[in-house]
file structure06.txt (compact mmCIF, C-alpha atoms)
# COMPACT_ATOMS: atom_id res chain seq x y z
CA MET T 1 0.00 0.00 0.00
CA GLU T 2 1.23 3.44 -0.91
CA SER T 3 -0.15 5.10 2.22
CA THR T 4 1.89 2.86 4.51
CA SER T 5 5.48 3.89 4.82
CA LEU T 6 8.25 1.35 4.51
CA ALA T 7 9.25 1.99 8.13
CA GLU T 8 5.70 1.28 9.25
CA GLN T 9 5.58 -1.99 7.28
CA GLU T 10 8.86 -3.05 8.83
CA ARG T 11 7.57 -2.20 12.29
CA VAL T 12 4.48 -4.40 11.78
CA LEU T 13 6.52 -7.28 10.37
CA ALA T 14 8.85 -7.11 13.34
CA SER T 15 5.96 -7.12 15.83
CA ASP T 16 4.21 -10.15 17.27
CA TRP T 17 1.43 -9.76 14.66
CA GLY T 18 3.74 -9.68 11.64
CA GLY T 19 3.32 -13.38 10.87
CA GLY T 20 5.52 -16.36 11.56
CA LYS T 21 5.23 -15.68 15.28
CA SER T 22 2.94 -16.79 18.04
CA PRO T 23 1.20 -13.76 19.58
CA PHE T 24 -0.37 -15.94 22.28
CA GLY T 25 2.84 -17.79 23.04
CA THR T 26 1.26 -21.24 22.85
CA SER T 27 1.33 -24.24 20.56
CA TRP T 28 -1.48 -24.29 17.99
CA SER T 29 -3.21 -27.19 19.74
CA LYS T 30 -3.26 -25.46 23.12
CA PHE T 31 -4.54 -22.27 21.53
CA MET T 32 -7.34 -24.20 19.79
CA MET T 33 -8.21 -25.87 23.10
CA TRP T 34 -8.51 -22.45 24.74
CA ILE T 35 -10.74 -21.17 21.93
CA PHE T 36 -12.94 -24.25 22.34
CA LEU T 37 -13.08 -23.84 26.13
CA ILE T 38 -14.11 -20.20 25.82
CA SER T 39 -16.96 -21.05 23.45
CA ASP T 40 -17.99 -23.93 25.72
CA ALA T 41 -17.87 -21.61 28.74
CA LEU T 42 -20.26 -19.27 26.93
CA THR T 43 -22.65 -22.21 26.35
CA PHE T 44 -22.69 -22.91 30.07
CA ALA T 45 -23.00 -19.18 30.79
CA GLY T 46 -26.10 -19.24 28.59
CA PHE T 47 -27.55 -22.15 30.56
CA LEU T 48 -26.86 -20.56 33.94
CA ILE T 49 -28.21 -17.18 32.82
CA ALA T 50 -31.38 -18.85 31.49
CA TYR T 51 -31.67 -20.63 34.84
CA GLY T 52 -31.30 -17.31 36.67
CA PHE T 53 -34.07 -15.73 34.57
CA MET T 54 -36.40 -18.72 34.99
CA ARG T 55 -35.84 -18.69 38.72
CA GLN T 56 -36.43 -14.96 38.94
CA VAL T 57 -39.79 -15.06 37.13
CA ALA T 58 -40.98 -18.25 38.87
CA PRO T 59 -43.52 -17.54 41.62
CA ALA T 60 -41.58 -19.86 43.96
CA TRP T 61 -38.45 -21.98 43.65
CA PRO T 62 -37.84 -25.16 45.69
CA VAL T 63 -35.07 -25.09 48.32
CA GLN T 64 -32.41 -27.13 46.51
CA MET T 65 -30.60 -28.15 49.67
CA GLU T 66 -33.76 -29.90 50.83
CA VAL T 67 -34.37 -31.67 47.51
CA PHE T 68 -30.77 -32.80 46.95
CA SER T 69 -28.35 -34.27 49.46
CA PRO T 70 -25.78 -31.62 50.48
CA VAL T 71 -23.43 -34.38 51.66
CA LEU T 72 -23.45 -36.05 48.25
CA ILE T 73 -22.99 -32.74 46.39
CA THR T 74 -20.09 -31.73 48.64
CA PHE T 75 -18.50 -35.16 48.21
CA MET T 76 -18.85 -34.84 44.40
CA THR T 77 -17.22 -31.40 44.54
CA PHE T 78 -14.41 -32.78 46.69
CA VAL T 79 -13.80 -35.64 44.23
CA LEU T 80 -13.75 -33.35 41.18
CA ILE T 81 -11.44 -30.78 42.80
CA SER T 82 -9.10 -33.58 43.91
CA SER T 83 -9.01 -35.11 40.43
CA SER T 84 -8.26 -31.65 39.01
CA ALA T 85 -5.30 -31.24 41.40
CA VAL T 86 -3.98 -34.70 40.46
CA MET T 87 -4.41 -33.80 36.77
CA ALA T 88 -2.23 -30.72 37.29
CA MET T 89 0.44 -33.04 38.73
CA ALA T 90 0.10 -35.33 35.69
CA VAL T 91 0.81 -32.37 33.41
CA SER T 92 3.83 -31.48 35.57
CA ALA T 93 5.14 -35.06 35.34
CA ALA T 94 4.58 -35.17 31.57
CA ARG T 95 6.40 -31.84 31.14
CA ALA T 96 9.30 -33.19 33.23
CA GLY T 97 9.54 -36.18 30.88
CA ASN T 98 8.31 -38.74 33.39
CA PRO T 99 5.70 -40.96 31.64
CA LYS T 100 5.48 -43.38 34.56
CA ASP T 101 4.33 -40.72 37.02
CA ALA T 102 2.16 -39.09 34.35
CA THR T 103 0.33 -42.40 33.75
CA LYS T 104 -0.13 -42.91 37.51
CA PHE T 105 -1.60 -39.43 38.00
CA LEU T 106 -3.78 -39.77 34.88
CA ALA T 107 -5.18 -43.05 36.21
CA ALA T 108 -5.99 -41.33 39.53
CA THR T 109 -7.71 -38.50 37.64
CA ILE T 110 -9.81 -41.00 35.68
CA PHE T 111 -10.69 -42.80 38.92
CA GLY T 112 -11.94 -39.53 40.46
CA GLY T 113 -13.92 -38.66 37.34
CA ALA T 114 -15.54 -42.10 37.31
CA ILE T 115 -16.59 -41.73 40.98
CA PHE T 116 -18.06 -38.32 40.18
CA LEU T 117 -20.02 -39.71 37.24
CA GLY T 118 -21.27 -42.60 39.41
CA CYS T 119 -22.51 -40.15 42.06
CA GLN T 120 -24.24 -38.12 39.38
CA ALA T 121 -25.92 -41.23 37.96
CA TYR T 122 -27.13 -42.05 41.48
CA GLU T 123 -28.42 -38.50 41.96
CA TRP T 124 -30.32 -38.64 38.63
CA TRP T 125 -31.76 -42.05 39.44
CA HIS T 126 -32.91 -40.80 42.87
CA PHE T 127 -34.38 -37.60 41.40
CA ILE T 128 -36.24 -39.48 38.66
CA SER T 129 -37.53 -42.15 41.04
CA GLU T 130 -39.05 -39.38 43.16
CA GLY T 131 -41.13 -38.35 40.17
CA ALA T 132 -39.09 -35.71 38.33
CA THR T 133 -39.34 -35.42 34.55
CA LEU T 134 -38.39 -32.63 32.14
CA THR T 135 -41.91 -31.19 32.40
CA HIS T 136 -43.13 -32.22 35.88
CA ASN T 137 -41.75 -32.52 39.39
CA PRO T 138 -43.27 -32.83 42.85
CA TRP T 139 -41.48 -29.79 44.34
CA GLY T 140 -42.72 -26.83 42.35
CA VAL T 141 -42.40 -25.11 38.98
CA PRO T 142 -41.58 -27.43 36.02
CA GLN T 143 -38.53 -25.28 35.20
CA PHE T 144 -36.84 -26.57 38.36
CA ALA T 145 -36.41 -30.16 37.16
CA ALA T 146 -35.84 -29.00 33.57
CA ALA T 147 -32.96 -26.76 34.67
CA PHE T 148 -31.53 -29.60 36.77
CA PHE T 149 -31.60 -32.12 33.92
CA VAL T 150 -30.24 -29.76 31.28
CA ILE T 151 -27.45 -28.17 33.36
CA THR T 152 -26.20 -31.24 35.23
CA GLY T 153 -26.81 -33.43 32.17
CA PHE T 154 -24.72 -31.18 29.96
CA HIS T 155 -22.02 -31.04 32.60
CA GLY T 156 -22.15 -34.82 33.14
CA PHE T 157 -21.72 -35.35 29.42
CA HIS T 158 -18.63 -33.14 29.56
CA VAL T 159 -17.27 -35.29 32.39
CA PHE T 160 -17.92 -38.39 30.28
CA SER T 161 -16.12 -36.87 27.25
CA GLY T 162 -13.28 -35.82 29.54
CA LEU T 163 -12.93 -39.37 30.82
CA THR T 164 -12.78 -40.66 27.25
CA ILE T 165 -10.08 -38.14 26.31
CA LEU T 166 -8.13 -38.87 29.51
CA ALA T 167 -8.34 -42.62 28.92
CA ILE T 168 -6.85 -42.21 25.44
CA VAL T 169 -4.09 -39.91 26.74
CA ALA T 170 -3.34 -42.28 29.66
CA LEU T 171 -3.14 -45.31 27.35
CA ARG T 172 -0.78 -43.45 25.06
CA ALA T 173 1.32 -42.32 28.06
CA ALA T 174 1.48 -45.92 29.30
CA MET T 175 2.72 -46.97 25.84
CA GLY T 176 5.23 -44.11 25.90
CA LYS T 177 3.63 -42.56 22.80
CA TYR T 178 2.37 -39.37 24.42
CA SER T 179 3.44 -35.78 24.05
CA ALA T 180 3.46 -33.34 26.97
CA ASP T 181 1.23 -31.05 24.85
CA SER T 182 -1.54 -33.65 24.58
CA VAL T 183 -1.49 -34.25 28.34
CA GLU T 184 -1.66 -30.51 28.97
CA ASN T 185 -4.56 -30.02 26.53
CA ALA T 186 -6.52 -32.88 28.10
CA GLY T 187 -5.70 -31.29 31.47
CA LEU T 188 -7.05 -27.91 30.37
CA TYR T 189 -10.32 -29.56 29.36
CA TRP T 190 -10.52 -31.42 32.68
CA HIS T 191 -9.89 -28.25 34.72
CA PHE T 192 -12.58 -26.53 32.66
CA VAL T 193 -15.06 -29.26 33.64
CA ASP T 194 -14.07 -28.54 37.25
CA VAL T 195 -14.57 -24.78 36.74
CA VAL T 196 -18.07 -25.36 35.36
CA TRP T 197 -18.91 -27.57 38.34
CA VAL T 198 -17.76 -24.83 40.75
CA PHE T 199 -20.32 -22.53 39.11
CA VAL T 200 -23.06 -25.18 39.10
CA PHE T 201 -22.32 -26.02 42.75
CA ALA T 202 -22.64 -22.36 43.75
CA PHE T 203 -25.54 -21.22 41.61
CA PHE T 204 -27.66 -24.34 41.25
CA TYR T 205 -27.16 -26.03 44.63
CA LEU T 206 -26.14 -23.37 47.16
CA PHE T 207 -28.15 -20.33 46.06
CA MET F 1 14.39 -40.87 36.66
CA THR F 2 15.44 -39.58 40.09
CA SER F 3 16.41 -36.21 38.68
CA HIS F 4 13.03 -36.02 36.88
CA GLU F 5 11.09 -36.93 39.99
CA HIS F 6 12.71 -34.06 41.80
CA ALA F 7 12.42 -31.71 38.85
CA HIS F 8 8.99 -30.39 39.90
CA PRO F 9 8.66 -30.91 43.63
CA HIS F 10 7.79 -27.25 44.01
CA GLY F 11 5.03 -27.62 41.40
CA TYR F 12 3.47 -30.59 43.23
CA ARG F 13 3.56 -28.67 46.49
CA GLN F 14 1.86 -25.69 44.91
CA TYR F 15 -0.87 -27.92 43.45
CA PHE F 16 -1.36 -29.56 46.83
CA LEU F 17 -1.70 -26.17 48.59
CA THR F 18 -4.15 -25.00 45.89
CA TRP F 19 -6.19 -28.16 46.47
CA VAL F 20 -6.30 -27.45 50.24
CA TRP F 21 -7.46 -23.88 49.60
CA LEU F 22 -10.13 -25.04 47.15
CA LEU F 23 -11.47 -27.47 49.74
CA VAL F 24 -11.50 -24.82 52.47
CA MET F 25 -13.39 -22.44 50.18
CA THR F 26 -15.88 -25.15 49.14
CA LEU F 27 -16.68 -25.94 52.77
CA THR F 28 -16.96 -22.23 53.61
CA ALA F 29 -19.41 -21.71 50.73
CA LEU F 30 -21.43 -24.71 51.90
CA ALA F 31 -21.53 -23.35 55.48
CA ILE F 32 -22.66 -19.94 54.22
CA GLY F 33 -25.50 -21.71 52.42
CA TYR F 34 -26.72 -22.82 55.86
CA PHE F 35 -26.27 -19.44 57.57
CA HIS F 36 -29.93 -18.45 57.48
CA PHE F 37 -29.32 -15.53 59.84
CA LEU F 38 -27.30 -13.73 57.13
CA PRO F 39 -29.18 -11.23 54.93
CA PRO F 40 -29.75 -12.74 51.45
CA THR F 41 -27.61 -10.07 49.76
CA VAL F 42 -24.63 -10.74 52.03
CA LYS F 43 -25.07 -14.48 51.52
CA SER F 44 -25.23 -14.13 47.72
CA LEU F 45 -22.22 -11.81 47.57
CA ALA F 46 -20.20 -14.16 49.81
CA ILE F 47 -21.01 -17.20 47.66
CA ILE F 48 -20.24 -15.30 44.43
CA GLY F 49 -16.98 -14.01 45.94
CA ILE F 50 -15.86 -17.48 47.00
CA THR F 51 -16.82 -18.93 43.61
CA LEU F 52 -14.79 -16.31 41.76
CA ALA F 53 -11.82 -16.89 44.09
CA LYS F 54 -12.00 -20.63 43.33
CA ILE F 55 -12.17 -19.98 39.58
CA PHE F 56 -9.21 -17.62 39.90
CA LEU F 57 -7.15 -20.30 41.68
CA ILE F 58 -8.04 -23.07 39.21
CA GLY F 59 -7.42 -20.78 36.22
CA SER F 60 -4.16 -19.25 37.38
CA ILE F 61 -2.50 -22.32 38.91
CA PHE F 62 -4.08 -25.52 37.50
CA MET F 63 -4.60 -24.06 34.01
CA HIS F 64 -1.27 -22.17 34.14
CA LEU F 65 -2.77 -18.81 33.19
CA LYS F 66 -0.39 -17.26 35.73
CA THR F 67 2.53 -18.04 33.43
CA GLU F 68 0.75 -17.45 30.10
CA ARG F 69 0.98 -14.30 28.04
CA VAL F 70 -1.39 -11.45 28.86
CA ASN F 71 -2.80 -11.82 25.30
CA LEU F 72 -4.12 -15.29 26.15
CA VAL F 73 -5.30 -14.31 29.62
CA MET F 74 -7.37 -11.45 28.18
CA LEU F 75 -8.76 -13.77 25.53
CA THR F 76 -10.03 -16.15 28.21
CA PHE F 77 -11.95 -13.81 30.44
CA THR F 78 -13.18 -10.95 28.23
CA PRO F 79 -16.00 -12.99 26.57
CA LEU F 80 -17.16 -14.06 30.03
CA LEU F 81 -17.05 -10.50 31.28
CA LEU F 82 -19.18 -9.49 28.28
CA SER F 83 -21.70 -12.24 29.03
CA VAL F 84 -22.00 -10.98 32.62
CA ILE F 85 -22.60 -7.44 31.32
CA LEU F 86 -25.28 -8.78 28.94
CA PHE F 87 -26.84 -10.62 31.88
CA PHE F 88 -27.22 -7.40 33.85
CA PHE F 89 -28.59 -5.57 30.77
CA THR F 90 -31.51 -7.98 30.60
CA PHE F 91 -31.90 -9.19 34.18
CA GLY F 92 -33.78 -6.03 35.21
CA GLU F 93 -36.62 -7.00 32.91
CA THR F 94 -37.28 -10.16 34.88
CA MET F 95 -37.70 -8.09 38.04
CA THR F 96 -40.76 -6.33 36.66
CA SER F 97 -42.28 -9.23 34.76
CA ASP F 98 -45.45 -10.83 36.06
CA PRO F 99 -46.84 -14.31 35.48
CA THR F 100 -49.80 -12.94 33.52
CA HIS F 101 -47.39 -11.66 30.83
CA GLN F 102 -49.07 -8.25 30.63
CA ILE F 103 -46.84 -5.54 29.30
CA HIS F 104 -46.08 -2.81 31.81
CA ASN F 105 -45.38 0.57 30.33
CA GLN F 106 -45.40 3.94 31.94
CA SER F 107 -45.92 5.93 28.75
CA PRO F 108 -49.49 7.23 28.40
CA ASN F 109 -49.18 7.12 24.60
CA PHE F 110 -48.21 3.48 24.57
CA VAL F 111 -50.41 1.34 22.33
CA MET F 112 -50.54 -2.37 23.04
CA PRO F 113 -49.57 -4.61 20.12
CA THR F 114 -53.22 -5.67 20.07
CA GLY F 115 -54.31 -2.09 19.38
CA GLU F 116 -55.76 -1.62 22.86
CA VAL F 117 -54.74 1.60 24.65
CA LYS F 118 -53.28 1.08 28.10
CA GLU F 119 -55.19 2.88 30.86
CA HIS F 120 -53.52 4.73 33.72

call {"tool": "encode", "arguments": {"input": "structure06.txt", "output": "structure tokens"}}
result
Amino acid sequence: MESTSLAEQERVLASDWGGGKSPFGTSWSKFMMWIFLISDALTFAGFLIAYGFMRQVAPAWPVQMEVFSPVLITFMTFVLISSSAVMAMAVSAARAGNPKDATKFLAATIFGGAIFLGCQAYEWWHFISEGATLTHNPWGVPQFAAAFFVITGFHGFHVFSGLTILAIVALRAAMGKYSADSVENAGLYWHFVDVVWVFVFAFFYLF
Amino acid sequence: MTSHEHAHPHGYRQYFLTWVWLLVMTLTALAIGYFHFLPPTVKSLAIIGITLAKIFLIGSIFMHLKTERVNLVMLTFTPLLLSVILFFFTFGETMTSDPTHQIHNQSPNFVMPTGEVKEH
């Protein structure tokens, strides 16, 4: 372009945005994972905001802590936070070039995730056996059970996908065919699942 | 392997401490949920505050945002900040809504979509 001086062009080319550089300082796969996580976070934000609106316009909302078991929910939170911490250690081990430790920590993470999913299955089974469906429930407005099924169901499906990804990464680590990047990306996804649960725990169960 | 096992002892310790803090905050939030003597606003703000602190810990330490470039950090939280702003733009409307779905409008010249003029 004639309007851009040569000095200006050189300045842009030398900057982080001039091409051939990584403005975000990450590998392409990690960057893509972050982009995915942000879009996924917005999906959950949409769900929680819709839940907030439904709850606000509902004439009455059931007391969640009386419908659900606070002990079970707290235990589930404990399990997911613990698995997240162990996952962070797995990433550390993978980065340090220690596949044996990485596999061990990944297996522990998967174990925690499986316990969480089991608890959630139990909670769903209990909720449904008490008469809850997407459109009816014995405690109050129909939106209550609908919000529960959609929000925890969507989150539970994320936990299930996370377990699948972690299983693949752990198998590859056990075979020595892993890369530290793949462990870190799986870890980012797993921590994200934890982050979403922290929000669900606070806004769906405690509020 | 011995050198590798000791390569990140500090990292493990930091993750362990973060885990302890997350547990403490989870239990505090749970306890606040039971503090019925607290005014609802204080209770809500406390739970939101603790939740954000937990997210901050998970994001900065477990997800390594503490050591990432500012470019990436800004990319992660600005869309969420925008969604919170959008939430508060529209949340006010739910405060004034009523189950009969009648439109409330203070303007005397307001004509209902049905053609009926609203009386004051």

call {"tool": "atom_distance", "arguments": {"input": "structure06.txt", "atom1": "atom CA of T:Val183", "atom2": "atom CA of T:Val91"}}
result
5.9 Å

call {"tool": "atom_distance", "arguments": {"input": "structure06.txt", "atom1": "atom CA of T:Ala93", "atom2": "atom CA of F:Thr18"}}
result
17.3 Å

call {"tool": "closest_atom_pairs", "arguments": {"input": "structure06.txt", "of": "chain F", "to": "chain T", "cutoff": "7 Å", "atoms": "only C-alpha atoms", "output": "JSON lines"}}
result
{"residue": "F:His4", "atom": "CA", "partner": "T:Ala96", "partner_atom": "CA", "distance": 5.9}
{"residue": "F:Ala7", "atom": "CA", "partner": "T:Ala96", "partner_atom": "CA", "distance": 6.6}
{"residue": "F:His8", "atom": "CA", "partner": "T:Ser92", "partner_atom": "CA", "distance": 6.8}
{"residue": "F:Tyr12", "atom": "CA", "partner": "T:Met89", "partner_atom": "CA", "distance": 6.0}
{"residue": "F:Tyr15", "atom": "CA", "partner": "T:Ala85", "partner_atom": "CA", "distance": 5.9}
{"residue": "F:Phe16", "atom": "CA", "partner": "T:Ala85", "partner_atom": "CA", "distance": 6.9}
{"residue": "F:Trp19", "atom": "CA", "partner": "T:Ala85", "partner_atom": "CA", "distance": 6.0}
{"residue": "F:Leu23", "atom": "CA", "partner": "T:Phe78", "partner_atom": "CA", "distance": 6.8}
{"residue": "F:Leu30", "atom": "CA", "partner": "T:Leu206", "partner_atom": "CA", "distance": 6.8}
{"residue": "F:Gly33", "atom": "CA", "partner": "T:Leu206", "partner_atom": "CA", "distance": 5.6}
{"residue": "F:Ile47", "atom": "CA", "partner": "T:Ala202", "partner_atom": "CA", "distance": 6.7}
{"residue": "F:Thr51", "atom": "CA", "partner": "T:Val198", "partner_atom": "CA", "distance": 6.6}
{"residue": "F:Ile55", "atom": "CA", "partner": "T:Val195", "partner_atom": "CA", "distance": 6.1}
{"residue": "F:Phe62", "atom": "CA", "partner": "T:Ala88", "partner_atom": "CA", "distance": 5.5}
{"residue": "F:Met63", "atom": "CA", "partner": "T:Leu188", "partner_atom": "CA", "distance": 5.8}
{"residue": "F:Arg69", "atom": "CA", "partner": "T:Phe24", "partner_atom": "CA", "distance": 6.1}
{"residue": "F:Asn71", "atom": "CA", "partner": "T:Phe24", "partner_atom": "CA", "distance": 5.7}
{"residue": "F:Leu72", "atom": "CA", "partner": "T:Phe24", "partner_atom": "CA", "distance": 5.4}
{"residue": "F:Thr76", "atom": "CA", "partner": "T:Ile38", "partner_atom": "CA", "distance": 6.2}
{"residue": "F:Leu80", "atom": "CA", "partner": "T:Leu42", "partner_atom": "CA", "distance": 6.8}
{"residue": "F:Phe87", "atom": "CA", "partner": "T:Ile49", "partner_atom": "CA", "distance": 6.8}
{"residue": "F:Phe91", "atom": "CA", "partner": "T:Phe53", "partner_atom": "CA", "distance": 6.9}
{"residue": "F:Thr94", "atom": "CA", "partner": "T:Val57", "partner_atom": "CA", "distance": 5.9}
{"residue": "F:Ser97", "atom": "CA", "partner": "T:Val57", "partner_atom": "CA", "distance": 6.8}

call {"tool": "atom_distance", "arguments": {"input": "structure06.txt", "atom1": "atom CA of T:Asn137", "atom2": "atom CA of T:Trp125"}}
result
13.8 Å

call {"tool": "residues_near_point", "arguments": {"input": "structure06.txt", "point": "(6.9, -39.4, 27.5)", "cutoff": "6 Å", "atoms": "all atoms listed in the file", "output": "list in words"}}
result
Gly97, Pro99, Gly176 and Tyr178 of chain T

call {"tool": "closest_residue", "arguments": {"input": "structure06.txt", "among": "T:Ala14, T:Lys30, T:Pro142, T:Val193", "to": "F:His64", "atoms": "only C-alpha atoms"}}
result
T:Lys30

call {"tool": "residues_around", "arguments": {"input": "structure06.txt", "residues": "stretch 116-119 of chain T", "least_positions_apart": "3", "cutoff": "6 Å", "atoms": "only C-alpha atoms", "output": "PyMOL selection string"}}
result
chain T and resi 76+113+122
